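> My structure file structure14.txt, compact mmCIF, C-alpha atoms, is below:
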# COMPACT_ATOMS: atom_id res chain seq x y z
CA MET A 1 -105.98 35.29 52.43
CA GLU A 2 -104.60 35.62 55.93
CA PHE A 3 -102.56 33.02 57.75
CA LYS A 4 -103.63 32.64 61.39
CA SER A 5 -100.65 32.43 63.71
CA SER A 6 -100.43 32.04 67.48
CA LEU A 7 -97.22 34.08 67.30
CA THR A 8 -97.18 37.88 67.53
CA LEU A 9 -96.08 38.97 64.06
CA LYS A 10 -98.89 41.20 62.81
CA GLY A 11 -98.24 44.91 62.32
CA ARG A 12 -94.45 44.63 62.34
CA THR A 13 -92.01 45.24 59.48
CA ALA A 14 -89.57 42.67 58.12
CA VAL A 15 -86.76 42.86 55.59
CA VAL A 16 -86.02 39.59 53.78
CA THR A 17 -82.95 39.35 51.57
CA GLY A 18 -82.98 36.80 48.79
CA GLY A 19 -86.74 37.05 49.09
CA SER A 20 -87.69 36.45 45.48
CA LYS A 21 -87.42 32.65 45.48
CA ASN A 22 -87.11 29.43 47.45
CA ILE A 23 -86.59 29.83 51.23
CA GLY A 24 -86.57 33.62 51.10
CA PHE A 25 -89.85 33.74 49.22
CA ALA A 26 -91.50 31.26 51.61
CA ILE A 27 -90.40 33.40 54.56
CA ALA A 28 -91.66 36.61 52.96
CA GLU A 29 -94.99 34.99 52.11
CA GLN A 30 -95.57 33.52 55.58
CA PHE A 31 -94.65 36.83 57.19
CA ALA A 32 -97.01 38.79 54.94
CA LEU A 33 -99.92 36.42 55.34
CA ALA A 34 -99.46 36.61 59.12
CA GLY A 35 -99.97 40.37 58.89
CA MET A 36 -96.44 41.72 58.69
CA ASN A 37 -95.24 44.46 56.37
CA VAL A 38 -92.49 42.88 54.27
CA ALA A 39 -89.71 44.33 52.14
CA ILE A 40 -88.49 41.73 49.66
CA LEU A 41 -84.90 42.36 48.61
CA SER A 42 -83.30 40.76 45.58
CA VAL A 43 -80.31 41.54 43.37
CA SER A 44 -82.90 41.67 40.56
CA GLU A 45 -85.43 44.45 41.00
CA GLY A 46 -87.78 42.81 38.51
CA SER A 47 -87.86 39.55 40.48
CA ALA A 48 -88.45 41.37 43.76
CA ILE A 49 -91.35 43.36 42.35
CA LYS A 50 -92.87 40.30 40.67
CA VAL A 51 -93.06 38.22 43.85
CA SER A 52 -94.18 41.25 45.85
CA ASP A 53 -97.13 41.62 43.48
CA LEU A 54 -97.96 37.92 43.83
CA ILE A 55 -98.05 38.10 47.63
CA ASN A 56 -100.04 41.34 47.59
CA LEU A 57 -102.68 39.66 45.43
CA LYS A 58 -103.16 37.21 48.33
CA GLY A 59 -103.73 40.10 50.74
CA GLY A 60 -100.20 40.74 51.90
CA ILE A 61 -98.51 44.13 52.27
CA THR A 62 -95.09 43.97 50.65
CA ILE A 63 -92.69 45.95 48.50
CA GLY A 64 -89.96 44.65 46.22
CA LEU A 65 -86.57 46.37 46.11
CA GLN A 66 -83.26 45.84 44.36
CA CYS A 67 -80.32 45.26 46.68
CA ASP A 68 -76.85 43.82 46.18
CA VAL A 69 -76.08 42.63 49.70
CA SER A 70 -72.35 42.55 48.99
CA ASP A 71 -72.33 46.29 48.26
CA GLU A 72 -72.35 48.66 51.24
CA ASN A 73 -74.01 51.56 49.42
CA SER A 74 -76.72 49.32 47.95
CA VAL A 75 -77.53 47.94 51.41
CA GLU A 76 -77.74 51.39 53.00
CA PHE A 77 -79.95 52.72 50.20
CA ALA A 78 -82.35 49.76 50.33
CA LEU A 79 -82.77 49.90 54.11
CA LYS A 80 -83.37 53.66 53.97
CA LYS A 81 -86.12 53.11 51.41
CA VAL A 82 -87.74 50.41 53.55
CA TYR A 83 -87.76 52.66 56.60
CA GLN A 84 -89.15 55.59 54.65
CA HIS A 85 -91.92 53.41 53.22
CA PHE A 86 -93.03 51.50 56.32
CA GLY A 87 -91.76 53.75 59.14
CA SER A 88 -90.02 50.92 60.99
CA ILE A 89 -87.82 47.86 60.65
CA ASP A 90 -88.41 45.21 63.30
CA VAL A 91 -87.08 42.02 61.73
CA LEU A 92 -84.14 41.29 59.43
CA VAL A 93 -83.84 37.92 57.70
CA ASN A 94 -80.59 37.21 55.87
CA SER A 95 -81.56 34.62 53.28
CA ALA A 96 -79.58 35.80 50.24
CA GLY A 97 -76.93 33.32 49.21
CA VAL A 98 -75.28 31.42 46.39
CA LEU A 99 -74.38 27.74 46.17
CA ASP A 100 -70.87 26.54 45.45
CA MET A 101 -70.06 23.04 44.18
CA ALA A 102 -66.45 23.54 43.09
CA LYS A 103 -63.90 20.92 44.10
CA ILE A 104 -61.11 22.33 46.25
CA GLU A 105 -58.49 21.57 43.59
CA GLU A 106 -60.48 23.58 41.05
CA MET A 107 -61.37 26.53 43.27
CA THR A 108 -60.17 29.91 42.08
CA VAL A 109 -59.57 32.86 44.36
CA GLU A 110 -62.16 34.83 42.35
CA HIS A 111 -64.80 32.14 42.92
CA TRP A 112 -64.00 31.94 46.63
CA ASP A 113 -64.27 35.71 46.99
CA LYS A 114 -67.60 35.86 45.12
CA VAL A 115 -69.23 33.27 47.38
CA MET A 116 -67.87 34.94 50.51
CA SER A 117 -68.93 38.40 49.36
CA ILE A 118 -72.57 37.39 49.03
CA ASN A 119 -73.03 34.74 51.72
CA LEU A 120 -70.83 36.09 54.51
CA ARG A 121 -70.04 39.75 53.83
CA GLY A 122 -73.61 40.31 52.68
CA THR A 123 -74.99 38.95 55.95
CA PHE A 124 -72.59 41.12 57.96
CA LEU A 125 -73.37 44.29 56.00
CA MET A 126 -77.12 43.83 56.31
CA ILE A 127 -76.82 43.40 60.07
CA GLN A 128 -74.40 46.29 60.53
CA LYS A 129 -76.45 48.76 58.52
CA CYS A 130 -79.75 47.63 60.06
CA ILE A 131 -78.79 48.11 63.71
CA LYS A 132 -79.79 51.78 63.83
CA TYR A 133 -83.31 50.86 62.73
CA LEU A 134 -83.65 47.74 64.86
CA GLU A 135 -82.51 49.38 68.10
CA ILE A 136 -85.59 51.63 68.10
CA SER A 137 -87.96 48.69 67.56
CA LYS A 138 -90.03 47.29 70.43
CA ALA A 139 -89.05 43.70 69.57
CA PRO A 140 -86.03 43.69 67.22
CA ARG A 141 -85.03 40.41 65.63
CA ILE A 142 -82.26 39.20 63.32
CA ILE A 143 -82.46 35.74 61.73
CA ASN A 144 -79.62 34.36 59.64
CA ILE A 145 -80.00 31.46 57.22
CA SER A 146 -77.01 29.14 57.38
CA SER A 147 -76.88 25.49 56.27
CA ASN A 148 -76.17 22.00 57.47
CA SER A 149 -72.86 22.42 55.63
CA GLY A 150 -71.96 25.13 58.13
CA ARG A 151 -72.49 22.61 60.91
CA MET A 152 -70.54 19.63 59.55
CA GLY A 153 -68.93 20.58 56.24
CA GLY A 154 -71.64 19.24 53.96
CA PHE A 155 -71.31 16.35 51.53
CA GLU A 156 -71.89 17.55 47.97
CA ASN A 157 -70.98 21.25 48.11
CA GLY A 158 -67.79 23.25 47.73
CA MET A 159 -65.62 24.58 50.51
CA ALA A 160 -66.41 28.24 49.91
CA TYR A 161 -70.07 27.50 50.61
CA SER A 162 -69.30 25.46 53.73
CA ALA A 163 -66.90 28.08 55.05
CA SER A 164 -69.33 30.93 54.42
CA LYS A 165 -72.19 29.10 56.13
CA GLY A 166 -70.00 28.14 59.07
CA GLY A 167 -68.99 31.78 59.29
CA ILE A 168 -72.64 32.80 59.48
CA ILE A 169 -73.12 30.52 62.50
CA ALA A 170 -70.03 31.93 64.24
CA MET A 171 -71.15 35.45 63.42
CA THR A 172 -74.60 34.70 64.86
CA TYR A 173 -73.02 33.78 68.19
CA GLY A 174 -70.71 36.80 68.27
CA ILE A 175 -73.25 39.40 67.17
CA ALA A 176 -75.89 37.97 69.53
CA ARG A 177 -73.54 38.72 72.42
CA GLN A 178 -72.70 42.20 71.15
CA LEU A 179 -76.30 43.25 70.50
CA ALA A 180 -77.91 41.71 73.58
CA SER A 181 -77.61 44.97 75.50
CA LYS A 182 -79.73 46.61 72.79
CA LYS A 183 -82.38 43.86 73.23
CA ILE A 184 -81.78 42.78 69.61
CA THR A 185 -81.96 39.00 69.38
CA VAL A 186 -79.81 37.22 66.79
CA ASN A 187 -80.61 33.64 65.83
CA CYS A 188 -79.91 31.26 63.00
CA VAL A 189 -81.69 28.52 61.06
CA ALA A 190 -79.51 25.81 59.49
CA PRO A 191 -81.47 23.86 56.86
CA GLY A 192 -80.46 20.57 55.36
CA THR A 193 -81.12 19.96 51.68
CA ILE A 194 -84.33 21.73 50.65
CA GLU A 195 -86.44 21.31 47.52
CA SER A 196 -85.20 24.40 45.69
CA ASP A 197 -83.32 25.83 42.72
CA MET A 198 -80.10 24.92 44.53
CA LEU A 199 -81.15 21.27 44.67
CA ASN A 200 -82.24 21.35 41.05
CA ALA A 201 -78.75 22.55 40.10
CA ARG A 202 -77.43 19.12 41.10
CA ASP A 203 -77.47 16.03 38.86
CA ASP A 204 -79.66 13.01 39.61
CA GLU A 205 -76.83 10.90 41.02
CA THR A 206 -75.86 13.62 43.46
CA LYS A 207 -79.49 13.95 44.56
CA LYS A 208 -79.68 10.19 45.20
CA ARG A 209 -76.51 10.26 47.29
CA LEU A 210 -77.82 13.19 49.31
CA LEU A 211 -81.25 11.67 49.87
CA ALA A 212 -79.73 8.43 51.19
CA ARG A 213 -78.11 10.39 54.03
CA PHE A 214 -81.38 11.73 55.48
CA PRO A 215 -82.77 9.55 58.30
CA ILE A 216 -86.25 10.96 57.73
CA GLY A 217 -86.13 9.82 54.10
CA ARG A 218 -86.88 13.03 52.21
CA PHE A 219 -85.66 16.53 51.49
CA GLY A 220 -87.18 19.48 53.32
CA THR A 221 -89.44 22.24 52.04
CA SER A 222 -88.99 26.00 52.05
CA GLY A 223 -92.20 26.30 54.04
CA GLU A 224 -90.78 24.19 56.86
CA VAL A 225 -87.78 26.50 57.13
CA ALA A 226 -90.05 29.57 57.00
CA SER A 227 -92.13 28.26 59.90
CA ALA A 228 -89.00 28.05 62.06
CA VAL A 229 -88.04 31.58 61.08
CA CYS A 230 -91.49 32.81 62.15
CA TYR A 231 -90.77 31.75 65.73
CA PHE A 232 -87.45 33.61 65.82
CA ALA A 233 -89.17 36.68 64.32
CA SER A 234 -92.02 36.71 66.81
CA GLU A 235 -92.34 38.80 69.95
CA GLU A 236 -92.60 35.54 71.90
CA SER A 237 -88.97 34.64 71.09
CA GLY A 238 -87.51 37.49 73.12
CA PHE A 239 -85.55 35.22 75.50
CA THR A 240 -83.95 33.27 72.65
CA THR A 241 -80.71 34.62 71.23
CA GLY A 242 -77.50 33.09 69.90
CA SER A 243 -79.41 29.95 68.95
CA VAL A 244 -79.07 27.72 65.88
CA LEU A 245 -82.11 25.65 64.90
CA ASP A 246 -81.40 22.66 62.66
CA ILE A 247 -84.13 21.91 60.10
CA ASN A 248 -82.51 18.95 58.42
CA GLY A 249 -84.46 15.70 58.73
CA GLY A 250 -81.92 14.24 61.17
CA LEU A 251 -78.86 14.72 58.95
CA PHE A 252 -77.04 16.53 61.78
CA MET A 253 -77.83 15.96 65.45
CA GLY A 254 -75.74 17.73 68.04
Any chance you could give the structure as structure tokens?


Amino acid sequence: MEFKSSLTLKGRTAVVTGGSKNIGFAIAEQFALAGMNVAILSVSEGSAIKVSDLINLKGGITIGLQCDVSDENSVEFALKKVYQHFGSIDVLVNSAGVLDMAKIEEMTVEHWDKVMSINLRGTFLMIQKCIKYLEISKAPRIINISSNSGRMGGFENGMAYSASKGGIIAMTYGIARQLASKKITVNCVAPGTIESDMLNARDDETKKRLLARFPIGRFGTSGEVASAVCYFASEESGFTTGSVLDINGGLFMG
């Protein structure tokens, strides 16, 4: 099954971290069905291979690889394997992340550091180690996945999560400026609450409070976020860099 897209995606290679579930999986699937070669990275090799097989059964061309984005050596090894397998890396999507719901009074330094190591350091390491591959691409793209909480602090999440996602937005701006001379675009998608494992980790009362805040009256879907990422990944987006696209049902407007 092939997804017909008006965007130029086919024949290019993408790396998607956190690609084994939720938003990351939806991105990997849309990319693959649009004709891209996709490397699905997950901290669990088994999960990465499982979803890779599922997408390949639909006609996609993907591989699943283990990668701990918070570990420099793991990142370098995974990217090297992707390049050896596909011969190029054109698009990097940083979707790996963990949710934090700890109250500030209960936050431990260890918990803070764990969230930051995956959400923020992991995004930085993936970008840093991918530059040498992207700079030889014809249309190199980096897309970071932040959150509405990075825009306005969030409502039902912990401060480590909000700070890490705000850091991703700031890093998007800074790295977009630094890499512009290499023609590498760097953009960001900031979703509101999405139907996902992260949402399911919340209790029913929390879900009701969150839902009441959305002017559009519902939570978003992973597919809606993936569609936005497809634009940033396309060749047509070459004049767009340092941009943050809010996919949040009107929760944040600004």

> Could you check the closest approach to A:Gly220 for each of A:Thr17, A:Asn22, A:Ser137, A:Ser117 and tell me which residue wins, using all atoms listed in the file?

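Looking at the shortest contact to A:Gly220, the residue is A:Asn22.
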
> Would you compute the distance between atom CA of A:Gly192 and atom CA of A:Asp71? Give it in Å to one decimal.

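Separation of atom CA of A:Gly192 and atom CA of A:Asp71: 27.9 Å.
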
> Identify which of the residues A:Arg121, A:His111, A:Lys165, A:Arg12 lies closest to A:Asp90, counting only C-alpha atoms when measuring atom-to-atom distances.

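Counting only C-alpha atoms, the residue closest to A:Asp90 is A:Arg12.
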
> Once you add 3 Å to each side, what are the centre and edge lengths of the axis-aligned box holding all listed atoms of stretch 87-96 of chain A? One decimal in Å, as AutoDock Vina command-line options, if you can.


--center_x -85.7 --center_y 44.2 --center_z 56.8 --size_x 18.2 --size_y 25.1 --size_z 19.1

> So, counting all atoms listed in the file, which residue among A:Ser52, A:Ser44, A:Thr108, A:Gln128 is closest to A:Glu76?

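Among A:Ser52, A:Ser44, A:Thr108, A:Gln128, it is A:Gln128 that comes nearest to A:Glu76.
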
> May I ask which of the residues A:Arg141, A:Met36, A:Gly158, A:Leu125 is the closest one to A:Val229, counting only C-alpha atoms?

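Selected residue with least distance to A:Val229: A:Arg141.
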
> For stretch 173-188 of chain A, list every protein, DNA or RNA residue within 7 Å, evaluated using all atoms listed in the file, and leave out those in the same chain fewer than 2 positions away; present the list as a PDB file with C-alpha atoms, in the frame of the given file.


ATOM      1  CA  GLU A 135     -82.510  49.380  68.100  1.00  0.00           C
ATOM      2  CA  PRO A 140     -86.030  43.690  67.220  1.00  0.00           C
ATOM      3  CA  ARG A 141     -85.030  40.410  65.630  1.00  0.00           C
ATOM      4  CA  ILE A 142     -82.260  39.200  63.320  1.00  0.00           C
ATOM      5  CA  ILE A 143     -82.460  35.740  61.730  1.00  0.00           C
ATOM      6  CA  ASN A 144     -79.620  34.360  59.640  1.00  0.00           C
ATOM      7  CA  ILE A 145     -80.000  31.460  57.220  1.00  0.00           C
ATOM      8  CA  SER A 146     -77.010  29.140  57.380  1.00  0.00           C
ATOM      9  CA  ILE A 169     -73.120  30.520  62.500  1.00  0.00           C
ATOM     10  CA  ALA A 170     -70.030  31.930  64.240  1.00  0.00           C
ATOM     11  CA  MET A 171     -71.150  35.450  63.420  1.00  0.00           C
ATOM     12  CA  ALA A 190     -79.510  25.810  59.490  1.00  0.00           C
ATOM     13  CA  PHE A 232     -87.450  33.610  65.820  1.00  0.00           C
ATOM     14  CA  GLY A 238     -87.510  37.490  73.120  1.00  0.00           C
ATOM     15  CA  THR A 240     -83.950  33.270  72.650  1.00  0.00           C
ATOM     16  CA  THR A 241     -80.710  34.620  71.230  1.00  0.00           C
ATOM     17  CA  GLY A 242     -77.500  33.090  69.900  1.00  0.00           C
ATOM     18  CA  SER A 243     -79.410  29.950  68.950  1.00  0.00           C
ATOM     19  CA  VAL A 244     -79.070  27.720  65.880  1.00  0.00           C
ATOM     20  CA  LEU A 245     -82.110  25.650  64.900  1.00  0.00           C
TER      21      LEU A 245
END

> Neighbours of A:Leu99 within 9 Å (only C-alpha atoms; same-chain residues fewer than 6 positions away dropped), as an MDAnalysis selection string?

chainID A and resid 115 157:158 160:161 198

> Report as a PyMOL selection string all protein, DNA and RNA residues lying within 9 Å of stretch 217-219 of chain A, evaluated on all atoms listed in the file, omitting residues in the same chain fewer than 5 positions from it.

chain A and resi 192-195+210-212+248-249

> Between A:Ser88, A:Ser47, A:Thr123, A:Ser162, which has the minimum distance to A:Ala139 (counting only C-alpha atoms)?

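Among the listed residues, the smallest separation from A:Ala139 belongs to A:Ser88.
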
> Which is closest to A:Glu224 among A:Gly154, A:Pro191, A:Gly122, A:Gly11, if we use only C-alpha atoms?

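Ranked by minimum distance to A:Glu224, first place goes to A:Pro191.
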